[in-house]
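Colleague: After the structure tokens below, expect a handful of questions from me.
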Amino acid sequence: MADCIFCKIAAKEIPSTPVYEDDTVIAFKDLEPQAPVHVLIIPKKHIRSLLGLTEEDKAVIAHIHVDVVGRLARELGIAEKGFRLVANTGEEGGQTVGHLHFHLLGGRSMAWPPG
């Protein structure tokens, strides 16, 4: 999608600080971290939100959850003590970029409710 900031990051049109990348996914450091470790994990394919997922997206979502999250948690040193994985969806859900993304947060105790 031409005007999507995350599509531009995935296409290397906008710089980021990547921590992981493969053919279908890129993960990079959040510009406004809310925890000592705050990484965004996005599919390279433009998917608007969790509600935009289709049958053909199952593989990339499984890949993110089964392969990427655990690997990053271990590499970034947050696996042992724990972490939070968040996908905001829609305006009231806090989604500010219209491209599906997961926030991987760790390195501190996560309060609930957040804030």
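By order of appearance in the structure tokens: chains A, B, ..., then residues from 1 within every chain, and ligands from 1 in the order shown.
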Give me, as a count of residues only, the residues of chain A that a backbone DSSP run labels helix (DSSP H, G or I).
Modeller: 30
Colleague: Using only C-alpha atoms, which protein or nucleic acid residues come within 6 Å of Ile47 in chain A? Drop anything in the same chain fewer than 4 positions from it, and give the result as a PyMOL selection string.
Modeller: chain A and resi 52+99-100
Colleague: Please list as a PDB file with all heavy atoms, in the first residue's frame every residue within 10 Å of His46 in chain A, counting only C-alpha atoms and excluding residues in the same chain fewer than 2 positions away.
Modeller:
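around-v7.pdb, freshly written:
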```
ATOM      1  N   MET A   1       0.846  -1.173   0.000  1.00  0.00           N
ATOM      2  CA  MET A   1       0.000   0.000   0.000  1.00  0.00           C
ATOM      3  C   MET A   1       0.896   1.242   0.000  1.00  0.00           C
ATOM      4  O   MET A   1       1.760   1.390   0.854  1.00  0.00           O
ATOM      5  CB  MET A   1      -0.919  -0.034   1.208  1.00  0.00           C
ATOM      6  CG  MET A   1      -1.868   1.116   1.274  1.00  0.00           C
ATOM      7  SD  MET A   1      -3.134   0.808   2.498  1.00  0.00           S
ATOM      8  CE  MET A   1      -4.530   0.853   1.418  1.00  0.00           C
ATOM      9  N   CYS A   4       1.306   3.607   3.290  1.00  0.00           N
ATOM     10  CA  CYS A   4       1.440   2.940   4.583  1.00  0.00           C
ATOM     11  C   CYS A   4       2.892   3.007   5.067  1.00  0.00           C
ATOM     12  O   CYS A   4       3.806   2.512   4.397  1.00  0.00           O
ATOM     13  CB  CYS A   4       0.996   1.483   4.466  1.00  0.00           C
ATOM     14  SG  CYS A   4       1.277   0.523   5.966  1.00  0.00           S
ATOM     15  N   PHE A   6       4.357   1.377   7.462  1.00  0.00           N
ATOM     16  CA  PHE A   6       4.965   0.077   7.708  1.00  0.00           C
ATOM     17  C   PHE A   6       5.305  -0.638   6.408  1.00  0.00           C
ATOM     18  O   PHE A   6       6.309  -1.352   6.342  1.00  0.00           O
ATOM     19  CB  PHE A   6       4.092  -0.782   8.609  1.00  0.00           C
ATOM     20  CG  PHE A   6       4.097  -0.352  10.064  1.00  0.00           C
ATOM     21  CD1 PHE A   6       3.210  -0.902  10.958  1.00  0.00           C
ATOM     22  CD2 PHE A   6       4.989   0.597  10.541  1.00  0.00           C
ATOM     23  CE1 PHE A   6       3.206  -0.524  12.289  1.00  0.00           C
ATOM     24  CE2 PHE A   6       4.997   0.985  11.869  1.00  0.00           C
ATOM     25  CZ  PHE A   6       4.096   0.424  12.750  1.00  0.00           C
ATOM     26  N   CYS A   7       4.502  -0.459   5.376  1.00  0.00           N
ATOM     27  CA  CYS A   7       4.861  -1.014   4.069  1.00  0.00           C
ATOM     28  C   CYS A   7       6.153  -0.370   3.571  1.00  0.00           C
ATOM     29  O   CYS A   7       7.009  -1.053   2.988  1.00  0.00           O
ATOM     30  CB  CYS A   7       3.730  -0.795   3.064  1.00  0.00           C
ATOM     31  SG  CYS A   7       2.295  -1.860   3.315  1.00  0.00           S
ATOM     32  N   ALA A  10       9.022  -1.905   5.467  1.00  0.00           N
ATOM     33  CA  ALA A  10       9.279  -3.260   4.950  1.00  0.00           C
ATOM     34  C   ALA A  10       9.995  -3.217   3.607  1.00  0.00           C
ATOM     35  O   ALA A  10      10.827  -4.075   3.314  1.00  0.00           O
ATOM     36  CB  ALA A  10       7.971  -4.042   4.834  1.00  0.00           C
ATOM     37  N   ILE A  42       5.943  -7.011  12.107  1.00  0.00           N
ATOM     38  CA  ILE A  42       4.912  -6.810  11.086  1.00  0.00           C
ATOM     39  C   ILE A  42       5.060  -7.816   9.954  1.00  0.00           C
ATOM     40  O   ILE A  42       6.172  -8.192   9.591  1.00  0.00           O
ATOM     41  CB  ILE A  42       4.954  -5.377  10.498  1.00  0.00           C
ATOM     42  CG1 ILE A  42       6.230  -5.143   9.693  1.00  0.00           C
ATOM     43  CG2 ILE A  42       4.797  -4.335  11.586  1.00  0.00           C
ATOM     44  CD1 ILE A  42       6.206  -3.889   8.836  1.00  0.00           C
ATOM     45  N   PRO A  43       3.935  -8.238   9.405  1.00  0.00           N
ATOM     46  CA  PRO A  43       4.022  -8.986   8.148  1.00  0.00           C
ATOM     47  C   PRO A  43       4.387  -8.004   7.039  1.00  0.00           C
ATOM     48  O   PRO A  43       3.968  -6.838   7.070  1.00  0.00           O
ATOM     49  CB  PRO A  43       2.610  -9.539   7.957  1.00  0.00           C
ATOM     50  CG  PRO A  43       1.723  -8.656   8.757  1.00  0.00           C
ATOM     51  CD  PRO A  43       2.556  -8.096   9.866  1.00  0.00           C
ATOM     52  N   LYS A  44       5.186  -8.438   6.101  1.00  0.00           N
ATOM     53  CA  LYS A  44       5.537  -7.560   4.976  1.00  0.00           C
ATOM     54  C   LYS A  44       4.335  -7.303   4.077  1.00  0.00           C
ATOM     55  O   LYS A  44       4.220  -6.239   3.476  1.00  0.00           O
ATOM     56  CB  LYS A  44       6.704  -8.148   4.181  1.00  0.00           C
ATOM     57  CG  LYS A  44       8.013  -8.090   4.952  1.00  0.00           C
ATOM     58  CD  LYS A  44       9.168  -8.617   4.134  1.00  0.00           C
ATOM     59  CE  LYS A  44      10.484  -8.463   4.861  1.00  0.00           C
ATOM     60  NZ  LYS A  44      11.608  -8.977   4.069  1.00  0.00           N
ATOM     61  N   ARG A  48      -4.544  -4.846   7.059  1.00  0.00           N
ATOM     62  CA  ARG A  48      -4.961  -3.665   7.824  1.00  0.00           C
ATOM     63  C   ARG A  48      -4.960  -3.894   9.335  1.00  0.00           C
ATOM     64  O   ARG A  48      -4.487  -3.063  10.092  1.00  0.00           O
ATOM     65  CB  ARG A  48      -6.335  -3.190   7.363  1.00  0.00           C
ATOM     66  CG  ARG A  48      -6.826  -2.013   8.153  1.00  0.00           C
ATOM     67  CD  ARG A  48      -7.597  -1.013   7.339  1.00  0.00           C
ATOM     68  NE  ARG A  48      -8.057   0.078   8.160  1.00  0.00           N
ATOM     69  CZ  ARG A  48      -7.307   1.103   8.554  1.00  0.00           C
ATOM     70  NH1 ARG A  48      -6.055   1.164   8.209  1.00  0.00           N
ATOM     71  NH2 ARG A  48      -7.799   2.071   9.292  1.00  0.00           N
ATOM     72  N   SER A  49      -5.500  -4.996   9.797  1.00  0.00           N
ATOM     73  CA  SER A  49      -5.576  -5.280  11.234  1.00  0.00           C
ATOM     74  C   SER A  49      -5.894  -6.759  11.415  1.00  0.00           C
ATOM     75  O   SER A  49      -6.021  -7.502  10.439  1.00  0.00           O
ATOM     76  CB  SER A  49      -6.676  -4.428  11.887  1.00  0.00           C
ATOM     77  OG  SER A  49      -7.962  -4.902  11.532  1.00  0.00           O
ATOM     78  N   GLY A  52      -8.608  -7.918   9.323  1.00  0.00           N
ATOM     79  CA  GLY A  52      -8.362  -8.036   7.897  1.00  0.00           C
ATOM     80  C   GLY A  52      -7.720  -9.349   7.498  1.00  0.00           C
ATOM     81  O   GLY A  52      -7.436  -9.573   6.320  1.00  0.00           O
ATOM     82  N   GLY A  98      -2.493   1.751  10.284  1.00  0.00           N
ATOM     83  CA  GLY A  98      -3.393   0.804   9.646  1.00  0.00           C
ATOM     84  C   GLY A  98      -2.684  -0.326   8.936  1.00  0.00           C
ATOM     85  O   GLY A  98      -2.911  -0.568   7.743  1.00  0.00           O
ATOM     86  N   HIS A  99      -1.798  -0.997   9.635  1.00  0.00           N
ATOM     87  CA  HIS A  99      -1.071  -2.169   9.136  1.00  0.00           C
ATOM     88  C   HIS A  99      -0.902  -3.065  10.358  1.00  0.00           C
ATOM     89  O   HIS A  99      -0.394  -2.617  11.390  1.00  0.00           O
ATOM     90  CB  HIS A  99       0.293  -1.741   8.585  1.00  0.00           C
ATOM     91  CG  HIS A  99       1.089  -2.839   7.940  1.00  0.00           C
ATOM     92  ND1 HIS A  99       1.479  -2.774   6.622  1.00  0.00           N
ATOM     93  CD2 HIS A  99       1.582  -3.998   8.414  1.00  0.00           C
ATOM     94  CE1 HIS A  99       2.185  -3.860   6.322  1.00  0.00           C
ATOM     95  NE2 HIS A  99       2.260  -4.613   7.405  1.00  0.00           N
ATOM     96  N   LEU A 100      -1.328  -4.306  10.251  1.00  0.00           N
ATOM     97  CA  LEU A 100      -1.226  -5.233  11.374  1.00  0.00           C
ATOM     98  C   LEU A 100       0.192  -5.243  11.926  1.00  0.00           C
ATOM     99  O   LEU A 100       1.166  -5.381  11.179  1.00  0.00           O
ATOM    100  CB  LEU A 100      -1.620  -6.643  10.921  1.00  0.00           C
ATOM    101  CG  LEU A 100      -1.501  -7.741  11.975  1.00  0.00           C
ATOM    102  CD1 LEU A 100      -2.427  -7.483  13.148  1.00  0.00           C
ATOM    103  CD2 LEU A 100      -1.786  -9.093  11.346  1.00  0.00           C
TER     104      LEU A 100
END
```
Colleague: Write out as a list in words all residues of chain A that backbone DSSP assigns to strand (DSSP E).
Modeller: Pro18, Val19, Tyr20, Glu21, Val25, Ile26, Ala27, Phe28, Lys29, Val37, His38, Val39, Leu40, Ile41, Ile42, Pro43, Phe83, Arg84, Leu85, Val86, Phe102, His103, Leu104, Leu105 and Gly106 of chain A
Colleague: Could you work out how far CA of Leu104 in chain A lies from CA of Leu85 in chain A, giving the answer in Å with one decimal?
Modeller: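 Spanning CA of Leu85 in chain A to CA of Leu104 in chain A is a straight-line distance of 4.7 Å.
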Colleague: So, counting only C-alpha atoms, which residue among A:Ala73, A:Val39, A:Ala11, A:Ile64 is closest to His103 in chain A?
Modeller: A:Val39
Colleague: Write out as a tab-separated table (two decimals) with N, CA and C atoms, in the first residue's frame each polymer residue whose atoms come within 10 Å of Val37 in chain A, counting only C-alpha atoms; drop sequence neighbours fewer than 3 positions from it.
Modeller:
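And here's result-v3.tsv as it stands now:
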```tsv
chain	number	residue	atom	x	y	z
A	29	LYS	N	12.88	-1.94	16.10
A	29	LYS	CA	12.70	-1.22	17.36
A	29	LYS	C	11.68	-0.11	17.19
A	30	ASP	N	10.81	0.02	18.20
A	30	ASP	CA	9.81	1.08	18.21
A	30	ASP	C	10.50	2.42	18.46
A	33	PRO	N	9.60	3.79	22.53
A	33	PRO	CA	9.47	2.58	23.34
A	33	PRO	C	8.72	2.83	24.65
A	34	GLN	N	7.87	1.86	24.99
A	34	GLN	CA	7.10	1.90	26.22
A	34	GLN	C	7.67	0.94	27.27
A	73	ALA	N	12.30	-12.98	21.78
A	73	ALA	CA	12.29	-12.90	23.25
A	73	ALA	C	13.59	-13.47	23.83
A	76	LEU	N	16.59	-11.08	22.77
A	76	LEU	CA	16.54	-9.77	23.41
A	76	LEU	C	16.56	-9.86	24.94
A	77	GLY	N	16.67	-11.07	25.47
A	77	GLY	CA	16.85	-11.27	26.90
A	77	GLY	C	15.60	-11.10	27.76
A	78	ILE	N	14.42	-11.30	27.17
A	78	ILE	CA	13.18	-11.13	27.94
A	78	ILE	C	12.39	-12.43	28.10
A	83	PHE	N	7.25	-11.40	29.02
A	83	PHE	CA	7.06	-10.30	28.08
A	83	PHE	C	5.58	-10.19	27.75
A	103	HIS	N	3.26	-5.61	19.09
A	103	HIS	CA	4.23	-4.99	19.99
A	103	HIS	C	4.77	-6.08	20.90
A	104	LEU	N	6.08	-6.29	20.88
A	104	LEU	CA	6.74	-7.19	21.81
A	104	LEU	C	7.43	-6.31	22.84
A	105	LEU	N	6.94	-6.40	24.08
A	105	LEU	CA	7.43	-5.53	25.16
A	105	LEU	C	7.98	-6.36	26.30
A	106	GLY	N	9.07	-5.91	26.88
A	106	GLY	CA	9.64	-6.61	28.03
A	106	GLY	C	10.74	-5.81	28.67
A	107	GLY	N	11.33	-6.40	29.70
A	107	GLY	CA	12.42	-5.74	30.41
A	107	GLY	C	11.95	-4.97	31.63
A	108	ARG	N	10.67	-5.04	31.93
A	108	ARG	CA	10.11	-4.43	33.15
A	108	ARG	C	8.81	-5.15	33.47
```
Colleague: Find the residue from A:Glu91, A:Val25, A:Val97, A:Pro113 that sits nearest to His65 in chain A; use only C-alpha atoms when measuring.
Modeller: A:Val25
Colleague: Determine the nearest neighbour of Val68 in chain A from the options A:Glu13, A:Glu56, A:Glu80, A:Glu21, counting only C-alpha atoms.
Modeller: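 Of A:Glu13, A:Glu56, A:Glu80, A:Glu21, the one nearest Val68 in chain A, counting only C-alpha atoms, is A:Glu21.
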Colleague: Have a look at A:His101, A:Arg84, A:Leu53, A:Ala62 and name the one nearest to Ala35 in chain A; count only C-alpha atoms.
Modeller: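 Using only C-alpha atoms, Ala35 in chain A sits closest to A:Arg84.
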Colleague: May I have the residues within 7 Å of Phe28 in chain A as JSON, numbers by chain, using only C-alpha atoms and disregarding those fewer than 5 positions away in the same chain?
Modeller: {"A": [16, 17, 18, 19, 20, 39, 40, 41]}
Colleague: Just to confirm, what's the straight-line distance from CA of Val66 in chain A to CA of Thr54 in chain A in Å (one decimal)?
Modeller: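 CA of Val66 in chain A sits 18.3 Å away from CA of Thr54 in chain A.
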